[in-house]
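File shown here: data-v1.txt, holding compact mmCIF, C-alpha atoms and all ligand atoms.
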# COMPACT_ATOMS: atom_id res chain seq x y z
CA MET Q 1 61.84 123.30 64.88
CA THR Q 2 61.62 124.36 61.24
CA HIS Q 3 64.07 126.82 59.76
CA HIS Q 4 61.23 129.31 59.27
CA SER Q 5 60.05 129.28 62.88
CA SER Q 6 63.57 129.45 64.33
CA ARG Q 7 64.26 132.51 62.20
CA GLY Q 8 61.00 134.04 63.43
CA GLN Q 9 62.19 133.72 67.02
CA ALA Q 10 65.71 135.03 66.47
CA PRO Q 11 66.49 138.35 68.20
CA GLU Q 12 66.42 141.48 66.05
CA PRO Q 13 69.87 142.60 64.87
CA PRO Q 14 71.39 145.15 67.27
CA THR Q 15 72.49 148.58 66.08
CA PRO Q 16 75.70 148.10 64.04
CA LEU Q 17 79.01 148.90 65.72
CA PRO Q 18 80.81 152.05 64.54
CA LEU Q 19 84.01 150.09 63.76
CA PRO Q 20 84.56 146.42 62.90
CA VAL Q 21 85.38 143.83 65.58
CA VAL Q 22 86.27 140.12 65.67
CA ASP Q 23 84.24 137.31 67.22
CA ASN Q 24 87.19 135.48 68.82
CA HIS Q 25 85.42 132.21 69.53
CA THR Q 26 82.35 130.79 67.85
CA HIS Q 27 81.02 127.33 66.95
CA LEU Q 28 79.29 127.45 63.56
CA ASP Q 29 79.21 123.64 63.54
CA ILE Q 30 76.96 123.40 66.61
CA GLY Q 31 73.19 123.91 66.74
CA ARG Q 32 71.42 125.09 69.84
CA ASP Q 33 70.02 122.30 72.05
CA GLY Q 34 71.20 119.62 69.64
CA GLY Q 35 69.31 121.22 66.72
CA ALA Q 36 70.61 121.91 63.23
CA PRO Q 37 73.73 124.09 63.01
CA PRO Q 38 73.34 127.54 61.45
CA ASP Q 39 73.83 128.25 57.76
CA VAL Q 40 77.45 129.41 57.70
CA ALA Q 41 77.08 131.95 54.87
CA GLU Q 42 73.99 133.49 56.54
CA ALA Q 43 75.70 133.64 59.94
CA ILE Q 44 78.72 135.43 58.43
CA ALA Q 45 76.53 137.88 56.48
CA ALA Q 46 74.38 138.70 59.52
CA ALA Q 47 77.52 139.34 61.58
CA ARG Q 48 79.11 141.51 58.91
CA ALA Q 49 75.93 143.63 58.69
CA VAL Q 50 76.44 144.78 62.31
CA GLY Q 51 80.23 145.25 62.16
CA VAL Q 52 81.49 141.76 63.05
CA ASP Q 53 83.51 141.19 59.89
CA ARG Q 54 85.99 138.52 61.10
CA LEU Q 55 85.41 135.37 63.16
CA VAL Q 56 87.46 132.60 64.73
CA GLN Q 57 85.65 129.30 64.18
CA ILE Q 58 86.54 126.76 66.87
CA GLY Q 59 86.23 123.03 66.24
CA CYS Q 60 86.62 121.18 69.52
CA ASP Q 61 86.06 117.55 68.59
CA LEU Q 62 87.29 115.65 65.54
CA ALA Q 63 84.13 116.31 63.49
CA GLY Q 64 84.23 120.00 64.45
CA ALA Q 65 87.93 120.26 63.65
CA ARG Q 66 87.41 118.74 60.17
CA PHE Q 67 84.46 121.11 59.58
CA THR Q 68 86.64 124.06 60.62
CA ALA Q 69 89.41 123.12 58.19
CA GLU Q 70 86.85 123.02 55.35
CA MET Q 71 85.12 126.28 56.23
CA ILE Q 72 88.30 128.37 56.42
CA ASP Q 73 88.98 127.46 52.80
CA GLN Q 74 85.50 128.64 51.77
CA TYR Q 75 85.08 131.87 53.76
CA ALA Q 76 87.67 134.64 53.96
CA ALA Q 77 85.95 135.99 57.10
CA LEU Q 78 86.96 132.88 59.04
CA LEU Q 79 90.14 131.79 60.72
CA GLY Q 80 90.08 128.51 62.60
CA GLY Q 81 91.02 126.77 65.81
CA VAL Q 82 91.21 123.02 66.47
CA ALA Q 83 91.57 120.91 69.60
CA ILE Q 84 90.16 118.06 71.62
CA HIS Q 85 87.91 119.78 74.19
CA PRO Q 86 88.64 118.97 77.86
CA ASN Q 87 85.25 117.23 78.11
CA GLU Q 88 86.15 115.06 75.08
CA ALA Q 89 89.63 114.06 76.27
CA PRO Q 90 88.48 111.57 78.96
CA ARG Q 91 86.16 109.87 76.45
CA HIS Q 92 89.02 109.40 74.01
CA ALA Q 93 91.29 108.20 76.81
CA ALA Q 94 88.68 105.64 77.90
CA ALA Q 95 88.32 104.45 74.31
CA GLY Q 96 92.10 104.19 73.97
CA ASP Q 97 92.29 106.61 71.02
CA LEU Q 98 93.38 109.90 72.61
CA GLU Q 99 96.79 109.77 70.93
CA SER Q 100 95.34 109.17 67.49
CA ALA Q 101 92.86 112.02 68.08
CA TRP Q 102 95.79 114.31 68.96
CA ALA Q 103 97.59 113.21 65.79
CA GLU Q 104 94.63 114.24 63.65
CA ILE Q 105 94.42 117.62 65.43
CA GLU Q 106 98.12 118.17 64.78
CA ALA Q 107 97.70 117.33 61.09
CA LEU Q 108 94.74 119.72 60.73
CA ALA Q 109 96.65 122.44 62.61
CA ALA Q 110 99.24 122.53 59.83
CA HIS Q 111 96.76 124.53 57.70
CA PRO Q 112 98.02 128.14 57.48
CA ARG Q 113 94.56 129.55 58.33
CA ILE Q 114 94.29 127.44 61.47
CA ARG Q 115 95.76 130.03 63.84
CA VAL Q 116 94.51 128.65 67.17
CA ILE Q 117 95.11 125.53 69.20
CA GLY Q 118 91.93 125.40 71.24
CA GLU Q 119 89.78 125.15 72.98
CA THR Q 120 91.79 123.10 75.41
CA GLY Q 121 92.14 123.38 79.18
CA LEU Q 122 90.24 121.96 82.13
CA ASP Q 123 86.56 121.52 83.03
CA TYR Q 124 85.92 120.28 86.56
CA PHE Q 125 82.23 121.20 86.27
CA ARG Q 126 81.12 118.80 83.55
CA THR Q 127 83.75 116.09 83.99
CA GLY Q 128 84.19 114.39 87.35
CA PRO Q 129 87.41 113.48 89.21
CA GLU Q 130 87.84 110.33 87.09
CA GLY Q 131 88.53 112.57 84.06
CA VAL Q 132 91.09 114.91 85.60
CA ALA Q 133 94.22 112.98 84.63
CA ALA Q 134 93.19 112.72 80.96
CA GLN Q 135 92.20 116.41 80.88
CA GLN Q 136 95.52 117.51 82.33
CA ASP Q 137 97.54 115.27 79.97
CA SER Q 138 95.58 116.60 77.03
CA PHE Q 139 95.96 120.23 78.17
CA ARG Q 140 99.75 119.77 78.45
CA TRP Q 141 99.87 118.21 74.97
CA HIS Q 142 97.93 121.12 73.43
CA ILE Q 143 100.17 123.70 75.16
CA ASP Q 144 103.18 121.98 73.62
CA LEU Q 145 101.51 121.86 70.18
CA ALA Q 146 100.79 125.61 70.31
CA LYS Q 147 104.44 126.29 71.12
CA ARG Q 148 105.77 123.93 68.44
CA THR Q 149 103.52 125.45 65.77
CA GLY Q 150 103.72 129.07 66.93
CA LYS Q 151 99.91 129.33 67.03
CA ALA Q 152 97.78 130.99 69.70
CA LEU Q 153 96.38 128.90 72.56
CA GLN Q 154 92.72 129.27 73.58
CA ILE Q 155 91.91 127.95 77.03
CA HIS Q 156 88.62 126.65 78.39
CA ASP Q 157 88.60 126.97 82.20
CA ARG Q 158 85.50 125.91 84.09
CA ASP Q 159 85.82 125.65 87.88
CA SER Q 160 89.54 124.94 87.43
CA HIS Q 161 91.29 128.33 87.72
CA GLU Q 162 94.10 127.20 90.03
CA ASP Q 163 95.10 124.15 88.02
CA VAL Q 164 94.92 126.06 84.71
CA LEU Q 165 97.30 128.73 85.99
CA ARG Q 166 99.58 126.15 87.63
CA ILE Q 167 99.88 123.95 84.53
CA LEU Q 168 100.48 126.97 82.27
CA ALA Q 169 103.29 128.05 84.59
CA GLU Q 170 104.75 124.54 84.75
CA GLU Q 171 104.72 124.02 80.99
CA GLY Q 172 105.52 127.61 80.04
CA ALA Q 173 102.67 129.36 78.23
CA PRO Q 174 102.78 129.95 74.48
CA GLU Q 175 103.59 133.50 73.41
CA LYS Q 176 99.91 134.14 72.55
CA THR Q 177 97.67 132.72 75.27
CA VAL Q 178 93.95 133.52 75.47
CA LEU Q 179 91.57 132.69 78.31
CA HIS Q 180 88.37 132.12 76.35
CA CYS Q 181 85.13 133.12 78.09
CA PHE Q 182 87.10 134.50 81.00
CA SER Q 183 85.34 133.60 84.26
CA GLY Q 184 87.80 134.65 86.97
CA ASP Q 185 87.79 137.42 89.55
CA VAL Q 186 89.93 140.56 89.96
CA PRO Q 187 93.03 138.81 91.40
CA MET Q 188 92.96 136.22 88.61
CA ALA Q 189 92.54 138.90 85.92
CA ARG Q 190 95.55 140.75 87.37
CA GLU Q 191 97.61 137.54 87.45
CA CYS Q 192 96.77 136.79 83.80
CA VAL Q 193 97.59 140.34 82.71
CA GLU Q 194 100.90 140.19 84.58
CA ARG Q 195 101.74 136.97 82.72
CA GLY Q 196 100.89 138.60 79.37
CA TYR Q 197 97.76 136.55 78.62
CA TYR Q 198 94.72 137.88 76.76
CA LEU Q 199 91.27 137.78 78.36
CA SER Q 200 88.32 137.10 76.06
CA PHE Q 201 84.95 138.21 77.44
CA SER Q 202 81.59 136.80 76.32
CA GLY Q 203 77.89 137.55 76.83
CA THR Q 204 78.27 136.47 80.45
CA VAL Q 205 79.38 140.05 81.25
CA THR Q 206 75.75 141.10 80.66
CA PHE Q 207 74.30 138.61 83.16
CA LYS Q 208 72.73 140.24 86.21
CA ASN Q 209 74.64 138.05 88.70
CA ALA Q 210 78.03 138.68 87.03
CA ARG Q 211 79.27 141.51 89.25
CA THR Q 212 82.55 139.68 90.02
CA LEU Q 213 83.20 139.21 86.32
CA ARG Q 214 82.49 142.87 85.52
CA ASP Q 215 84.90 143.87 88.30
CA ALA Q 216 87.54 141.65 86.63
CA LEU Q 217 86.81 143.25 83.24
CA ALA Q 218 87.16 146.71 84.77
CA VAL Q 219 90.79 146.05 85.81
CA THR Q 220 91.83 144.50 82.47
CA PRO Q 221 93.87 146.88 80.28
CA LEU Q 222 92.50 147.63 76.80
CA ASP Q 223 95.50 146.00 75.12
CA ARG Q 224 94.70 142.58 76.71
CA LEU Q 225 90.97 142.45 75.83
CA LEU Q 226 89.15 140.29 73.32
CA VAL Q 227 85.43 139.63 72.74
CA GLU Q 228 83.61 136.47 71.68
CA THR Q 229 80.16 134.89 71.50
CA ASP Q 230 80.92 131.21 72.20
CA ALA Q 231 77.78 130.81 70.06
CA PRO Q 232 75.42 128.99 70.23
CA TYR Q 233 75.97 129.30 73.99
CA LEU Q 234 76.05 132.24 76.43
CA THR Q 235 73.50 134.50 74.70
CA PRO Q 236 73.68 138.03 76.15
CA VAL Q 237 70.86 139.67 78.12
CA PRO Q 238 68.02 140.26 77.18
CA TYR Q 239 68.01 137.26 74.79
CA ARG Q 240 69.11 134.45 77.10
CA GLY Q 241 66.24 132.19 76.00
CA SER Q 242 67.39 132.31 72.35
CA GLY Q 243 70.40 130.78 70.65
CA ASN Q 244 73.51 132.94 70.47
CA ALA Q 245 75.07 133.97 67.15
CA PRO Q 246 77.98 136.19 66.08
CA TYR Q 247 75.63 139.05 65.04
CA LEU Q 248 74.71 139.58 68.72
CA ILE Q 249 78.25 140.65 69.72
CA PRO Q 250 77.45 144.40 69.60
CA ILE Q 251 75.34 143.90 72.75
CA THR Q 252 78.35 142.49 74.60
CA VAL Q 253 80.74 145.13 73.22
CA ARG Q 254 78.47 147.98 74.39
CA ALA Q 255 78.11 146.38 77.85
CA MET Q 256 81.92 146.05 78.07
CA ALA Q 257 82.40 149.70 77.07
CA GLY Q 258 80.02 150.70 79.87
CA THR Q 259 81.92 148.68 82.47
CA LEU Q 260 85.28 149.95 81.22
CA THR Q 261 84.01 153.54 80.88
CA VAL Q 262 85.53 153.89 77.42
CA ASP Q 263 83.70 154.98 74.28
CA VAL Q 264 82.54 152.26 71.91
CA PRO Q 265 84.80 153.20 68.95
CA THR Q 266 87.87 153.10 71.22
CA LEU Q 267 86.93 149.65 72.47
CA CYS Q 268 86.17 148.38 68.95
CA ARG Q 269 89.57 149.53 67.73
CA ALA Q 270 91.30 147.77 70.63
CA LEU Q 271 89.33 144.54 70.14
CA SER Q 272 90.17 144.50 66.44
CA ASP Q 273 93.86 145.36 66.89
CA ASN Q 274 94.32 142.81 69.69
CA SER Q 275 92.70 140.07 67.61
CA GLU Q 276 95.06 140.69 64.70
CA ALA Q 277 98.00 140.82 67.12
CA VAL Q 278 97.07 137.38 68.46
CA TYR Q 279 95.93 135.57 65.30
CA GLY Q 280 97.60 137.56 62.53
CA PRO Q 281 95.78 139.11 59.57
CA TRP Q 282 92.68 137.47 58.13
ZN ZN A 1 83.60 127.26 73.04
Structure rendered as structure tokens:
Amino acid sequence: MTHHSSRGQAPEPPTPLPLPVVDNHTHLDIGRDGGAPPDVAEAIAAARAVGVDRLVQIGCDLAGARFTAEMIDQYAALLGGVAIHPNEAPRHAAAGDLESAWAEIEALAAHPRIRVIGETGLDYFRTGPEGVAAQQDSFRWHIDLAKRTGKALQIHDRDSHEDVLRILAEEGAPEKTVLHCFSGDVPMARECVERGYYLSFSGTVTFKNARTLRDALAVTPLDRLLVETDAPYLTPVPYRGSGNAPYLIPITVRAMAGTLTVDVPTLCRALSDNSEAVYGPW
């Protein structure tokens, strides 16, 4: 697909938000369906134009982590996160280089604008039982790194709720722990809130079959909420056939405000304040 035609198909920008918010989790190094990644300056400008003035760029393999460390030096709108993704950990373990991959992540994490260790966690959907041991080892290592460095932890949890909560309890969670793209139900949301974790909601809250998720959102207090795109994935309704991008977050924020029955400015203020509480100032 040429740049021109992909731009032609991109969704129209939504109405700008009344107050600025943060995209807590985006992948500017990844193109949709294996295509070219977005132009970083354009993606940041398009987001800013609708009120998304700060972003957390997440690099979740070694190439992505190196990219993230470069971009945070170039763009003041970006803070960064680095990790070996749970679907990457078994590949590194099989190749015998998981420990050297961790060492590079730790070195990159020393950058003062890398404020997140993540995304780490467990994925029992895309990786089979043969990968569980490596995923759990790697998750435990990243939890420890977040605590040693004082950075926030962002967790990827796909079909692995029980083990994620168990391992966090066993290791002791870092002070700032975020469940990225939260996918649990009401009891899990309550458990996370009780433990002091933050819940980051994505475009999945707009999906028609996501009633359980909206119920979980509805019981989450404003001071525990974050919002993210996980772009280029998880495009909100009605644009699910298109690639996601940070400028589409207003759609998700308005849907969240509806579920929470709060006004949009109140939610924006909470999302912005919570982000700075977790990651520090931009
Ligand atoms: Zn992600």
| task | Can you pull out every residue within 12 Å of Leu217 of chain Q, counting only C-alpha atoms, but drop anything in the same chain fewer than 5 positions away, and send it as a VMD selection string? | result | chain Q and resid 181 to 190 192 to 193 198 to 202 204 to 206 210 to 212 222 224 to 227 253 255 to 261
| Point-to-point distance in Å for atom CA of Pro232 of chain Q and atom CA of Ser100 of chain Q |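 Distance reported for this atom pair: 28.2 Å.
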| Which is closer to Thr149 of chain Q than all the others in Q:Gly280, Q:Pro238, Q:Pro90, Q:Pro174, using only C-alpha atoms? |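 That would be Q:Pro174, the residue with the smallest distance to Thr149 of chain Q.
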| message | Just the number, please: distance in Å from atom ZN of ligand ZN 1 (chain A) to atom CA of Cys60 of chain Q, one decimal. | response | 7.6 Å
| request: Measuring atom to atom with all atoms listed in the file, identify which of Q:Gln135, Q:Asn244, Q:Gln57, Q:Thr120 is nearest to Arg91 of chain Q. | output: Q:Gln135
| message | For a quick check of understanding, using all atoms listed in the file, which of Q:Ala277, Q:Ala134, Q:Leu145, Q:Cys268 has the smallest distance to Arg254 of chain Q? | response | Q:Cys268
Kindly provide, as a CSV table (one decimal) with C-alpha atoms, in the frame of the given file, all nucleotide and amino acid residues lying within 8 Å of ligand ZN 1 (chain A), counting only C-alpha atoms and all ligand atoms.
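Output below, filename result28.csv:
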chain,number,residue,atom,x,y,z
Q,25,HIS,CA,85.4,132.2,69.5
Q,26,THR,CA,82.4,130.8,67.8
Q,27,HIS,CA,81.0,127.3,67.0
Q,58,ILE,CA,86.5,126.8,66.9
Q,60,CYS,CA,86.6,121.2,69.5
Q,119,GLU,CA,89.8,125.2,73.0
Q,156,HIS,CA,88.6,126.6,78.4
Q,180,HIS,CA,88.4,132.1,76.4
Q,181,CYS,CA,85.1,133.1,78.1
Q,230,ASP,CA,80.9,131.2,72.2
Q,231,ALA,CA,77.8,130.8,70.1
Q,233,TYR,CA,76.0,129.3,74.0
| request: Just give me the gap between atom CA of Asp215 of chain Q and atom CA of Glu194 of chain Q in Å, one decimal is fine. | output: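 Answer for the atom CA of Asp215 of chain Q to atom CA of Glu194 of chain Q separation: 16.8 Å.
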